[in-house]
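Taking it in order: structure first as C-alpha cells, then the write-up.
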Amino acid sequence: MNNFIYEKLAVTNLKNNRKTYVPYIFTGVLTVMMFYIIDALSKGEGITQNTLKICLQYATGVIIVFAVIFLFYTNSFLIKRRKKEIGVYNILGMGKRHIARMMAVETILTAGISILGGLVFGIIFGKLMYLLLLKILHNSVDMQFSVNGTAIVQTVILFAGIFLLTYLYNILQIQLVNLHGGNQGEKEPKSRWLLVIVGVAALGNGYWIALTTEAPLEALLKFFVAVVCVIIGTYALFIAGSIVVLKILRKNKAYYYNPKHFTSVSGMIYRMKQNGAGLANICVLSTMVLVMVSTTVSLYAGMEDILDSRFPRDVSIVCNEADTNNEETLQRLIKEQCEKAGVKITDRVRYRYGSMNAVLKGNNLEKIEQYYPDNHFYYVEMITQEEYNRIEKQNVSLKEQEILTYTTNGKCGKKQINIAGQNYQVKKELSEMTSQPKSTVEMYKTLYIVFANAEQIERIESFSYADKFNLKGDDGKQKETLEQIQNEFYEKFPDGTMESRMLSRSSFYELYGGLFFIGIYLGSMFIMATVLIIYYKQISEGYDDRERYQIMQKVGMSKKEVKRSIRSQVLSVFFLPLVVAVIHVAVAFKVMTKILGVLNLTNVSLFAVCTIITIAVFAVFYIIVYSITAKEYYRIVN
C-alpha cells in the first residue's frame, strides 16, 4: 500500500470525526499551554522565594498527573466511538497492521498540533500569567519574564510520551477487538450490592471524619483520608448504586409505566455502568473546583483577617533565657531604635513565662517533647500571679496549691490538675484575658496557668521573656526600625524569636497569593476537563439513544413524548453530579474551616460567603454548558 494513502486517510478521518477530535485537540493545546506556563514560572530565575517555588512545583506535579489521566480518558472515548469505523476499514481489506500505521499518522498529527499550539500559546500567554501573578503578590516578588528553554524541552518530552502511550493503548484495543463482529445485544447489568455497600461505607466514613474532627492539625492530617473515602464512595455509588436505584424505580409500576419515565429508566439501566463512571468524574472534578476555588479565594480575600489573627500585636519578641540583663538589653534596644526613627510604642505587654507541650488526660497534665495530633494536646503557658495582676490589672491572691486556668478555645473544665507530680486546686477558670483573646479556630488548644510564685514554674520549665507591642508612625520608618531591631536582636539573642506583622506581610502574600493563583489556575483546568467530559457524555448518549428513540417513534410514540422523555433523562442525569458535589462541599465545610484555621483564617463567615458565591457562579456556568451540549444531543437524537 502506498505510504501516502496513510496520510490521506488520517487527514480524512480527522475531518470526518471533527465533532470529537476538534474538542480533543483543543483541550490538548490548552493542557500543554497550562503545563508550560506553570513549569516555566516555577523555573524562573527571578523567583528566589522557596515558598512560591514549592507552590508552583506542586502545581506542576498536579498538572502532570491530570494530563496523563485526562488525555487517556478522552482518548478512550475517541477509540470507542471509532471501533465501527475501523471495523469497516478491516472489512474493506485493511489489516490491523495497516490500521495501526494509519492511526500512527493520526496520533502524530494530533500530538504535533497539540504540542506546537500549546507551546505557542504558552509563550504568548505566559507573559500575561506572569503579570497576573505579580499583581496578586502585590509586586512583592522580583521576577524577570523569559522564554524558558528547559520548560519547552520538558513539555515536549512529557506530552510526546503521553500521546505515545495513548497510541499504544489504541493499538492494544485494535488487537483485542473483533473488528468483523456486528452489533451484540448488551446484557442487563447486575445489581452489585457488595459495591453499593462499599460505596456507602466509604462515603459514610469520609463524611464522619469531616463532621467529627475537631483539632485543626488533626483535620489537616485526616483530610486526605476523608477525600479518598469520598472519591471511592462517589464512584461506587454512581456506578453500582445508580443501577440499584433504577431497578427499584422499575419495580414501581406507577412510576415506571409512564411514557416519560419508561424509556429513560430502561435505557439508563443498560448504560449506567458507563455513564456512572462519567458522572462520577464530573462530580469529583466539580467538587475539586468548588473546594479549591472557595478556599484559595477566602485565604486571599481574608488576608488582613489572617494577619490580625496571626499577629494580635504588631511585634512579638521572645528571649528564651529570661534574666535581668537580657531583659534590660532587649528593652534598651527597642527603645533606642524607636526613638531614633521617631515611632511610638503602644499597647505594650511584657512578662516572664514558662511554656511546654503537654497532654491533659483526666486531671493529669503530662509534659511531652513535641506536638502530636490529639484532642488532649495543649500548648501550655505558665505565669505568676504577680505578672497576671500587672498585665490584667487585677488583684488576685493565690495560695501555694492554688492556680488559675484559662483556654482561648473552649473550657478546660478541671477542678484540680496534677502537674509534674504536684496536685493543684483550680481556684477559678478565667472567662477572658485581655492579653490573650478568645479564638474559635486555632492550630492547637492553648492552656494558660497562673501560679502563686515563680519557684513552682521553675520546677516545671525554665522562664522565657516576651515583649509584645504595637507601633505608631510612618510606615516606612516603622519598617526600617523593625528591620534594624531584628538584625541587632538576632546578633545578641540568636536563639530568640521575633515576629512582626509588617515584616511578615510580604511572605504571607507570597504564600496565600501563590495559593490563590494556583487555585484559580488549576480550577480553570478542571473546569475545562468537566466541560469536555460533559460534551463527550452528551455526544455518546446521543448516538446511543438515537436508534432507540427512532424505534419508539415508529411504534407510536409522538415527537412531543420523545422530547419530554429525553428532557427527563438528560436533566436528571446531568444535574445529579452537581447536586452531589454541593452536598460533598457542605459536609466538608466544617473540616475545611479547621484546616483554614491552621492557615490563620478564623473568619468563618467570609469562607461561607466565598463558598456560596463559588457554588452559585459554578452552577451558572454548569447550566450554560448544559444548554450548549444539550442542543447537540437533541440534534443527534433527532
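Simple scheme: letters A, B, ... for chains in C-alpha cells order, numbers from 1 for residues in each chain, numbers from 1 for ligands in the order shown.
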List as a VMD selection string the protein and nucleic acid residues near range 414-423 of chain A, meaning an atom at most 12 Å away when only C-alpha atoms are counted, but skip any in the same chain fewer than 6 places from it. chain A and resid 356 358 to 368 380 382 400 to 407 429 to 430 447 449 451 456 to 461
Dump as a compact mmCIF listing (two decimals), in the first residue's frame, selection limited to C-alpha atoms:
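Just written: result_27.txt:
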# COMPACT_ATOMS: atom_id res chain seq x y z
CA MET A 356 5.70 23.46 77.30
CA ALA A 358 1.58 18.79 77.24
CA VAL A 359 -1.25 16.28 77.18
CA LEU A 360 -4.14 16.69 79.59
CA LYS A 361 -5.83 13.35 80.30
CA GLY A 362 -8.18 13.24 83.22
CA ASN A 363 -6.62 15.53 85.82
CA ASN A 364 -3.04 14.73 84.82
CA LEU A 365 -1.08 17.29 82.76
CA GLU A 366 1.94 15.48 81.32
CA LYS A 367 4.79 17.28 79.55
CA ILE A 368 5.78 15.94 76.10
CA VAL A 380 0.79 25.50 77.95
CA MET A 382 2.63 29.45 82.85
CA GLU A 400 0.61 27.71 97.41
CA GLN A 401 -1.51 24.89 95.94
CA GLU A 402 -3.94 27.06 94.00
CA ILE A 403 -3.90 28.01 90.31
CA LEU A 404 -6.00 29.89 87.77
CA THR A 405 -6.65 28.40 84.32
CA TYR A 406 -7.73 29.89 81.03
CA THR A 407 -8.13 28.49 77.50
CA GLU A 429 -11.25 29.17 85.41
CA LEU A 430 -10.98 32.60 83.80
CA LEU A 447 -3.88 26.50 78.20
CA ILE A 449 -1.98 28.62 84.07
CA PHE A 451 0.75 30.03 89.72
CA GLN A 456 6.57 26.48 91.17
CA ILE A 457 7.05 27.24 87.47
CA GLU A 458 10.83 26.79 87.57
CA ARG A 459 10.34 23.23 88.86
CA ILE A 460 8.48 22.51 85.65
CA GLU A 461 10.15 24.66 82.98
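For the residues A:Leu116, A:Ile99, A:Ile152, A:Leu134, ranking by smallest atom-to-atom distance to Gln175 in chain A using only C-alpha atoms places A:Ile99 first.
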Using only C-alpha atoms, pick whichever of A:Ile115, A:Leu601, A:Tyr6, A:Val587 has the shortest atom-to-atom distance to Pro216 in chain A. A:Leu601
Write out as a PyMOL selection string which residues come within 10 Å of Gln173 in chain A when counting only C-alpha atoms, dropping same-chain ones fewer than 6 positions away. chain A and resi 76+79-80+83+167
I need the residues from that last selection saved to file as a tab-separated table (two decimals), in the first residue's frame (with C-alpha atoms), if you can.
chain	number	residue	atom	x	y	z
A	76	SER	CA	-10.52	6.05	25.33
A	79	ILE	CA	-11.28	4.98	20.18
A	80	LYS	CA	-14.53	3.52	21.45
A	83	LYS	CA	-14.45	0.95	16.54
A	167	TYR	CA	-1.31	5.33	20.67
Who sits within 7 Å of range 466-479 of chain A, only C-alpha atoms, same chain under 4 positions skipped, as a PyMOL selection string: chain A and resi 313-319+341+343-352+483+502-503
Min atom-atom distance to Asn389 in chain A from the set A:Thr287, A:Thr434, A:Ser462, A:Asn90, counting only C-alpha atoms, belongs to A:Thr434
Go through range 289-535 of chain A and collect every residue that DSSP, computed from the backbone, puts in helix (DSSP H, G or I); the answer should be as number ranges by chain. A: 289-301, 303-310, 324-341, 385-392, 454-458, 475-492, 501-535
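The shortest atom-to-atom distance to Tyr207 in chain A, with only C-alpha atoms taken into account, belongs to A:Ala586 out of A:Ala586, A:Leu78, A:Leu596, A:Val62.
Contact shell of Glu510 in chain A at 7 Å (only C-alpha atoms; same-chain neighbours under 4 positions omitted): A:Leu52, A:Leu137, A:Ser506, A:Gly514.
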Expected file contents, prior selection, N, CA and C atoms, as a short mmCIF file (atom, residue, chain, number, x, y, z; two decimals), in the first residue's frame:
data_model
loop_
_atom_site.label_atom_id
_atom_site.label_comp_id
_atom_site.auth_asym_id
_atom_site.auth_seq_id
_atom_site.Cartn_x
_atom_site.Cartn_y
_atom_site.Cartn_z
N LEU A 52 7.06 30.20 47.25
CA LEU A 52 6.42 30.33 45.95
C LEU A 52 6.90 29.26 44.99
N LEU A 137 0.51 39.07 43.95
CA LEU A 137 1.50 39.13 45.02
C LEU A 137 1.81 40.56 45.45
N SER A 506 4.77 40.54 53.37
CA SER A 506 5.17 40.11 52.03
C SER A 506 5.21 38.59 51.93
N GLY A 514 0.21 33.02 46.16
CA GLY A 514 0.58 31.87 45.32
C GLY A 514 -0.51 30.80 45.32
#
Extract, using only C-alpha atoms, all DNA, RNA and protein residues at most 10 Å from Val156 in chain A, discarding same-chain residues fewer than 4 positions from it, and format them as number ranges by chain. A: 32, 36, 111-112, 115-116, 118-119, 151-152, 160-162
Which polymer residues have any atom within 12 Å of an atom of Glu304 in chain A, counting only C-alpha atoms, with same-chain residues fewer than 5 positions away left out, as a VMD selection string? chain A and resid 298 to 299 309 to 312 501 to 502 504 to 505 508 to 509 512 600 to 603 606
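For the set A:Cys229, A:Ala40, A:Met525, A:Val105, the residue with the smallest atom-to-atom gap to Ala210 in chain A is A:Cys229, counting only C-alpha atoms.
The gap separating CA of Ala616 in chain A from CA of Met34 in chain A is 25.7 Å, in Å to one decimal.
With only C-alpha atoms as the atoms that count, the minimum distance from Lys537 in chain A to the choices A:Leu132, A:Ile282, A:Val637, A:Val120 is reached by A:Ile282.
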